[in-house]
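Undergrad: Before we start, here is the structure in question, set down as structure tokens.
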Amino acid sequence: METNLQPHIRIGNGHEVQYALLPGDPGRVEEVAKFLEDPVELAHNREYKTIKGFYKGVPIFVTSTGIGGVSAGIAIEELKNIGVKGMIRIGSCGALQPHIRLGDLVIASGAVRNDGASYAYINKAYPAIPDTELLFHVMNAAKKNGAKNHTGIVRCHDSFYTDKEQEIDKYWSEKGILASDMETAALFVIGGLRGIKTASILNVVVEKEGDLEGGINDYVDAKNNSKRGEELEILTALEAFVSYDSTF
Ligand SMILES: O=P(O)(O)O[C@H]1O[C@H](CO)[C@@H](O)[C@H]1O
Ligand SMILES: O=c1cc[nH]c(=O)[nH]1
């Protein structure tokens, strides 16, 4: 029997894996599998689907975290419990700046903590920031892959359909925030508190003041540049882990 079996992700000790890619969507796990050697599905429970594979010889987990910081936080803690030390989110986002287009990558250098999950851990004076070294590896990998990318602060939220979304987006756009997603702040704060090396790469699926439902539907149906952005964020995260690992 697997020891230290984790209740939600349903994997335990013994895999000797130090790095995990974290998409929100379980469907994206299979997109990562296409780039791995010997991908094997280990578990799929609720929103948490995990495969293990190798990229350039480095063992890697890919675990979907579901939607929102609450769900992501559970996956992050349980992966840490079984020995994972570095985690890169490979997510989707909505742009808050007009020059950021569909399929561009947004690399988070920090996150506005408008989510509930990170606040459940610690008050908002604590910064939501990635690991500096891993961030540099991600930025270099994006450049090497030729991905059009933007590094800066993102905003994390818990709602899509309140009556105030447009007003809120306008406010944060005017403050220079690049894009919105729902899990990056929880990843950075939990990573900071637990000593996990974290980074977050977000593929733009909705442009600023674009059609939210249309953008996400087109992405799901693979009808726009966001599908190429997804491939580039996956490759960028994988290359970042390989170059980070080579520094040890
Ligand atoms: O595509 P993923 O990684 O799930 O990320 C984004 O998409 C979901 C909302 O559509 C939220 O989880 C948001 O953060
Ligand atoms: O606008 C968007 C699009 C995707 N994901 C988000 O969190 N926000």
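Residues in the structure tokens are numbered from 1 in each chain, the chains being A, B, ... in the order shown, and ligands are numbered from 1 in the order shown.
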Please, which residues of region 57-238 of chain A, numbered as in this document, come out alpha helix (DSSP H) from DSSP, as a ChimeraX atom specification?
TA: /A:69-81,117-121,132-144,165-174,184-194,212-220,226-238
Undergrad: Dump as JSON lines the rows for residues of chain A within 12 Å of ligand 2: closest atom pair and distance in Å with one decimal, only C-alpha atoms and all ligand atoms counted, ordered by chain and rising residue number.
TA:
{"residue": "A:Gly24", "atom": "CA", "partner": "ligand 2", "partner_atom_place_in_ligand_line": "5 (N)", "distance": 10.0}
{"residue": "A:Asp25", "atom": "CA", "partner": "ligand 2", "partner_atom_place_in_ligand_line": "5 (N)", "distance": 11.2}
{"residue": "A:Gly66", "atom": "CA", "partner": "ligand 2", "partner_atom_place_in_ligand_line": "7 (O)", "distance": 12.0}
{"residue": "A:Ile67", "atom": "CA", "partner": "ligand 2", "partner_atom_place_in_ligand_line": "7 (O)", "distance": 8.8}
{"residue": "A:Gly68", "atom": "CA", "partner": "ligand 2", "partner_atom_place_in_ligand_line": "7 (O)", "distance": 8.6}
{"residue": "A:Gly69", "atom": "CA", "partner": "ligand 2", "partner_atom_place_in_ligand_line": "7 (O)", "distance": 10.9}
{"residue": "A:Ile90", "atom": "CA", "partner": "ligand 2", "partner_atom_place_in_ligand_line": "5 (N)", "distance": 11.9}
{"residue": "A:Gly91", "atom": "CA", "partner": "ligand 2", "partner_atom_place_in_ligand_line": "5 (N)", "distance": 8.1}
{"residue": "A:Ser92", "atom": "CA", "partner": "ligand 2", "partner_atom_place_in_ligand_line": "4 (C)", "distance": 5.3}
{"residue": "A:Cys93", "atom": "CA", "partner": "ligand 2", "partner_atom_place_in_ligand_line": "4 (C)", "distance": 3.7}
{"residue": "A:Gly94", "atom": "CA", "partner": "ligand 2", "partner_atom_place_in_ligand_line": "1 (O)", "distance": 3.4}
{"residue": "A:Ala95", "atom": "CA", "partner": "ligand 2", "partner_atom_place_in_ligand_line": "1 (O)", "distance": 6.7}
{"residue": "A:Leu96", "atom": "CA", "partner": "ligand 2", "partner_atom_place_in_ligand_line": "1 (O)", "distance": 8.4}
{"residue": "A:Gln97", "atom": "CA", "partner": "ligand 2", "partner_atom_place_in_ligand_line": "1 (O)", "distance": 11.7}
{"residue": "A:Leu102", "atom": "CA", "partner": "ligand 2", "partner_atom_place_in_ligand_line": "3 (C)", "distance": 10.8}
{"residue": "A:Asn114", "atom": "CA", "partner": "ligand 2", "partner_atom_place_in_ligand_line": "7 (O)", "distance": 11.6}
{"residue": "A:Asp115", "atom": "CA", "partner": "ligand 2", "partner_atom_place_in_ligand_line": "7 (O)", "distance": 11.0}
{"residue": "A:Val154", "atom": "CA", "partner": "ligand 2", "partner_atom_place_in_ligand_line": "7 (O)", "distance": 10.0}
{"residue": "A:Arg155", "atom": "CA", "partner": "ligand 2", "partner_atom_place_in_ligand_line": "7 (O)", "distance": 8.6}
{"residue": "A:Cys156", "atom": "CA", "partner": "ligand 2", "partner_atom_place_in_ligand_line": "7 (O)", "distance": 7.2}
{"residue": "A:His157", "atom": "CA", "partner": "ligand 2", "partner_atom_place_in_ligand_line": "7 (O)", "distance": 6.9}
{"residue": "A:Asp158", "atom": "CA", "partner": "ligand 2", "partner_atom_place_in_ligand_line": "7 (O)", "distance": 8.2}
{"residue": "A:Ser159", "atom": "CA", "partner": "ligand 2", "partner_atom_place_in_ligand_line": "7 (O)", "distance": 8.3}
{"residue": "A:Phe160", "atom": "CA", "partner": "ligand 2", "partner_atom_place_in_ligand_line": "8 (N)", "distance": 7.2}
{"residue": "A:Tyr161", "atom": "CA", "partner": "ligand 2", "partner_atom_place_in_ligand_line": "1 (O)", "distance": 10.6}
{"residue": "A:Glu165", "atom": "CA", "partner": "ligand 2", "partner_atom_place_in_ligand_line": "1 (O)", "distance": 9.6}
{"residue": "A:Gln166", "atom": "CA", "partner": "ligand 2", "partner_atom_place_in_ligand_line": "1 (O)", "distance": 10.5}
{"residue": "A:Ile168", "atom": "CA", "partner": "ligand 2", "partner_atom_place_in_ligand_line": "1 (O)", "distance": 11.6}
{"residue": "A:Asp169", "atom": "CA", "partner": "ligand 2", "partner_atom_place_in_ligand_line": "1 (O)", "distance": 9.1}
{"residue": "A:Leu178", "atom": "CA", "partner": "ligand 2", "partner_atom_place_in_ligand_line": "1 (O)", "distance": 11.2}
{"residue": "A:Ala179", "atom": "CA", "partner": "ligand 2", "partner_atom_place_in_ligand_line": "1 (O)", "distance": 7.6}
{"residue": "A:Ser180", "atom": "CA", "partner": "ligand 2", "partner_atom_place_in_ligand_line": "8 (N)", "distance": 4.9}
{"residue": "A:Asp181", "atom": "CA", "partner": "ligand 2", "partner_atom_place_in_ligand_line": "7 (O)", "distance": 3.3}
{"residue": "A:Met182", "atom": "CA", "partner": "ligand 2", "partner_atom_place_in_ligand_line": "7 (O)", "distance": 5.0}
{"residue": "A:Glu183", "atom": "CA", "partner": "ligand 2", "partner_atom_place_in_ligand_line": "7 (O)", "distance": 8.2}
{"residue": "A:Thr184", "atom": "CA", "partner": "ligand 2", "partner_atom_place_in_ligand_line": "7 (O)", "distance": 9.8}
{"residue": "A:Ala185", "atom": "CA", "partner": "ligand 2", "partner_atom_place_in_ligand_line": "7 (O)", "distance": 11.7}
{"residue": "A:Leu202", "atom": "CA", "partner": "ligand 2", "partner_atom_place_in_ligand_line": "5 (N)", "distance": 9.0}
{"residue": "A:Asn203", "atom": "CA", "partner": "ligand 2", "partner_atom_place_in_ligand_line": "4 (C)", "distance": 8.8}
{"residue": "A:Val204", "atom": "CA", "partner": "ligand 2", "partner_atom_place_in_ligand_line": "3 (C)", "distance": 7.4}
{"residue": "A:Val205", "atom": "CA", "partner": "ligand 2", "partner_atom_place_in_ligand_line": "3 (C)", "distance": 6.0}
{"residue": "A:Val206", "atom": "CA", "partner": "ligand 2", "partner_atom_place_in_ligand_line": "3 (C)", "distance": 5.5}
{"residue": "A:Glu207", "atom": "CA", "partner": "ligand 2", "partner_atom_place_in_ligand_line": "1 (O)", "distance": 7.9}
{"residue": "A:Lys208", "atom": "CA", "partner": "ligand 2", "partner_atom_place_in_ligand_line": "1 (O)", "distance": 8.3}
{"residue": "A:Glu209", "atom": "CA", "partner": "ligand 2", "partner_atom_place_in_ligand_line": "1 (O)", "distance": 9.1}
{"residue": "A:Gly210", "atom": "CA", "partner": "ligand 2", "partner_atom_place_in_ligand_line": "1 (O)", "distance": 8.7}
{"residue": "A:Asp211", "atom": "CA", "partner": "ligand 2", "partner_atom_place_in_ligand_line": "1 (O)", "distance": 9.0}
{"residue": "A:Leu212", "atom": "CA", "partner": "ligand 2", "partner_atom_place_in_ligand_line": "1 (O)", "distance": 6.0}
{"residue": "A:Glu213", "atom": "CA", "partner": "ligand 2", "partner_atom_place_in_ligand_line": "3 (C)", "distance": 8.7}
{"residue": "A:Gly214", "atom": "CA", "partner": "ligand 2", "partner_atom_place_in_ligand_line": "3 (C)", "distance": 10.4}
{"residue": "A:Gly215", "atom": "CA", "partner": "ligand 2", "partner_atom_place_in_ligand_line": "3 (C)", "distance": 7.9}
{"residue": "A:Ile216", "atom": "CA", "partner": "ligand 2", "partner_atom_place_in_ligand_line": "3 (C)", "distance": 6.8}
{"residue": "A:Asn217", "atom": "CA", "partner": "ligand 2", "partner_atom_place_in_ligand_line": "3 (C)", "distance": 10.6}
{"residue": "A:Asp218", "atom": "CA", "partner": "ligand 2", "partner_atom_place_in_ligand_line": "3 (C)", "distance": 11.8}
{"residue": "A:Tyr219", "atom": "CA", "partner": "ligand 2", "partner_atom_place_in_ligand_line": "4 (C)", "distance": 10.0}
{"residue": "A:Val220", "atom": "CA", "partner": "ligand 2", "partner_atom_place_in_ligand_line": "4 (C)", "distance": 11.4}
{"residue": "A:Ser226", "atom": "CA", "partner": "ligand 2", "partner_atom_place_in_ligand_line": "4 (C)", "distance": 11.1}
Undergrad: Of the candidates A:Glu167, A:Glu233, A:Glu239, A:Glu37, which shows the shortest atom-to-atom distance to Pro59 (chain A), using only C-alpha atoms?
TA: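 Distance minimum relative to Pro59 (chain A) lands on A:Glu37.
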Undergrad: Looking at only C-alpha atoms and all ligand atoms, which of A:Asp38, A:Glu47, A:Asp163, A:Glu77 is the one that sits closest to ligand 1?
TA: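 Ranked by minimum distance to ligand 1, first place goes to A:Glu47.
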Undergrad: CA of Gly176 (chain A) and CA of Val106 (chain A), how far apart in Å?
TA: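 Separation between CA of Val106 (chain A) and CA of Gly176 (chain A): 13.2 Å.
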Undergrad: Counting only C-alpha atoms and all ligand atoms, which residue out of A:Arg28, A:Lys197, A:Lys124, A:His137 sits closest to ligand 1?
TA: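 So, comparing all the options, the nearest one is A:Arg28.
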Undergrad: Which of region 69-241 of chain A end up as strand (DSSP E) when DSSP is run on this backbone - answer as a PyMOL selection string?
TA: chain A and resi 86-95+105-113+149-156+179-181+197-206
Undergrad: For a test of reading the model, state the distance in Å between CA of Glu230 (chain A) and atom 11 (C, counted along the ligand's line) of ligand 1, rounded to one decimal.
TA: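 Separation of CA of Glu230 (chain A) and atom 11 (C, counted along the ligand's line) of ligand 1: 14.1 Å.
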Undergrad: Which residue out of A:Ala43, A:Leu187, A:Ala199, A:Ile51 has the minimum interatomic distance to Glu133 (chain A) when only C-alpha atoms are used?
TA: A:Ala199
Undergrad: Contacts of Tyr19 (chain A) at 7 Å or less, counting only C-alpha atoms, minus same-chain residues fewer than 4 places along, as an NGL selection string?
TA: :A and (60-61 or 84-87)
Undergrad: How about saving the chosen residues, N, CA and C atoms kept, as a PDB file, in the first residue's frame?
TA:
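Once everything was written out, this is part-v7.pdb:
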ATOM      1  N   ILE A  60       8.850  14.682 -13.232  1.00  0.00           N
ATOM      2  CA  ILE A  60       7.923  15.806 -13.018  1.00  0.00           C
ATOM      3  C   ILE A  60       6.511  15.275 -12.788  1.00  0.00           C
ATOM      4  N   PHE A  61       5.793  15.877 -11.823  1.00  0.00           N
ATOM      5  CA  PHE A  61       4.355  15.641 -11.688  1.00  0.00           C
ATOM      6  C   PHE A  61       3.617  16.744 -12.436  1.00  0.00           C
ATOM      7  N   VAL A  84       7.359  17.354  -2.894  1.00  0.00           N
ATOM      8  CA  VAL A  84       7.554  18.291  -4.017  1.00  0.00           C
ATOM      9  C   VAL A  84       8.097  19.621  -3.477  1.00  0.00           C
ATOM     10  N   LYS A  85       9.141  20.127  -4.121  1.00  0.00           N
ATOM     11  CA  LYS A  85       9.818  21.332  -3.605  1.00  0.00           C
ATOM     12  C   LYS A  85       9.681  22.545  -4.526  1.00  0.00           C
ATOM     13  N   GLY A  86       9.324  22.303  -5.794  1.00  0.00           N
ATOM     14  CA  GLY A  86       9.167  23.401  -6.741  1.00  0.00           C
ATOM     15  C   GLY A  86       7.866  23.250  -7.504  1.00  0.00           C
ATOM     16  N   MET A  87       7.095  24.338  -7.635  1.00  0.00           N
ATOM     17  CA  MET A  87       5.794  24.252  -8.325  1.00  0.00           C
ATOM     18  C   MET A  87       5.626  25.458  -9.245  1.00  0.00           C
TER      19      MET A  87
END
Undergrad: Using CA of Glu31 (chain A) and atom 12 (O, counted along the ligand's line) of ligand 1 as the two end points, give the distance in Å to one decimal.
TA: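 So the answer is 16.4 Å.
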Undergrad: May I ask which of the residues A:Ile196, A:Ile100, A:Ala72, A:Val40 is the closest one to ligand 1, counting only C-alpha atoms and all ligand atoms?
TA: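 Distance minimum relative to ligand 1 lands on A:Ala72.
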Undergrad: Would you mind telling me which residue in A:Ser200, A:Thr50, A:Asn81, A:Thr132 lies nearest to ligand 1 when using only C-alpha atoms and all ligand atoms?
TA: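 Ranking A:Ser200, A:Thr50, A:Asn81, A:Thr132 by distance to ligand 1, first place goes to A:Ser200.
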Undergrad: Compile the contact shell of Tyr126 (chain A) as a list of chain:residue names: residues with an atom at most 10 Å away, counting only C-alpha atoms, same-chain residues fewer than 2 positions apart removed.
TA: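 Contacts, in chain order: A:Arg113, A:Ser118, A:Tyr119, A:Tyr121, A:Ile122, A:Asn123, A:Lys124, A:Ala128, A:Ile129, A:Val189, A:Gly192, A:Leu193.
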Undergrad: Could the residues in this selection be written to a file with N, CA and C atoms, as a short mmCIF file (atom, residue, chain, number, x, y, z; two decimals), in the first residue's frame?
TA:
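Now in part_13.cif:
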data_model
loop_
_atom_site.label_atom_id
_atom_site.label_comp_id
_atom_site.auth_asym_id
_atom_site.auth_seq_id
_atom_site.Cartn_x
_atom_site.Cartn_y
_atom_site.Cartn_z
N ARG A 113 -3.79 40.26 -3.62
CA ARG A 113 -4.45 39.18 -2.88
C ARG A 113 -5.94 39.48 -2.65
N SER A 118 -5.63 32.82 0.33
CA SER A 118 -4.34 33.29 0.87
C SER A 118 -4.57 34.03 2.19
N TYR A 119 -5.73 34.69 2.31
CA TYR A 119 -6.06 35.45 3.52
C TYR A 119 -6.36 34.50 4.69
N TYR A 121 -4.69 32.04 5.38
CA TYR A 121 -3.39 31.67 5.94
C TYR A 121 -2.76 32.79 6.75
N ILE A 122 -2.83 34.02 6.22
CA ILE A 122 -2.07 35.11 6.86
C ILE A 122 -2.60 36.46 6.37
N ASN A 123 -2.47 37.49 7.20
CA ASN A 123 -3.05 38.78 6.82
C ASN A 123 -2.37 39.39 5.59
N LYS A 124 -3.03 40.40 5.04
CA LYS A 124 -2.65 40.86 3.70
C LYS A 124 -1.37 41.69 3.66
N ALA A 128 2.51 38.33 -1.74
CA ALA A 128 2.34 37.17 -2.63
C ALA A 128 3.36 37.32 -3.75
N ILE A 129 4.50 36.67 -3.58
CA ILE A 129 5.59 36.78 -4.57
C ILE A 129 6.17 35.40 -4.87
N VAL A 189 1.62 32.66 -1.66
CA VAL A 189 1.59 32.83 -0.20
C VAL A 189 1.87 31.49 0.50
N GLY A 192 5.48 30.68 0.06
CA GLY A 192 6.33 31.48 0.94
C GLY A 192 6.33 30.94 2.36
N LEU A 193 5.14 30.61 2.84
CA LEU A 193 5.02 30.16 4.24
C LEU A 193 5.58 28.75 4.44
#
Undergrad: I'd like the contact shell of Asn13 (chain A) - 6 Å cut-off, only C-alpha atoms, skipping same-chain residues fewer than 2 positions apart - returned as a list in words.
TA: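 So the residues in contact are Thr3, Asn4, His15 and Ile82 of chain A.
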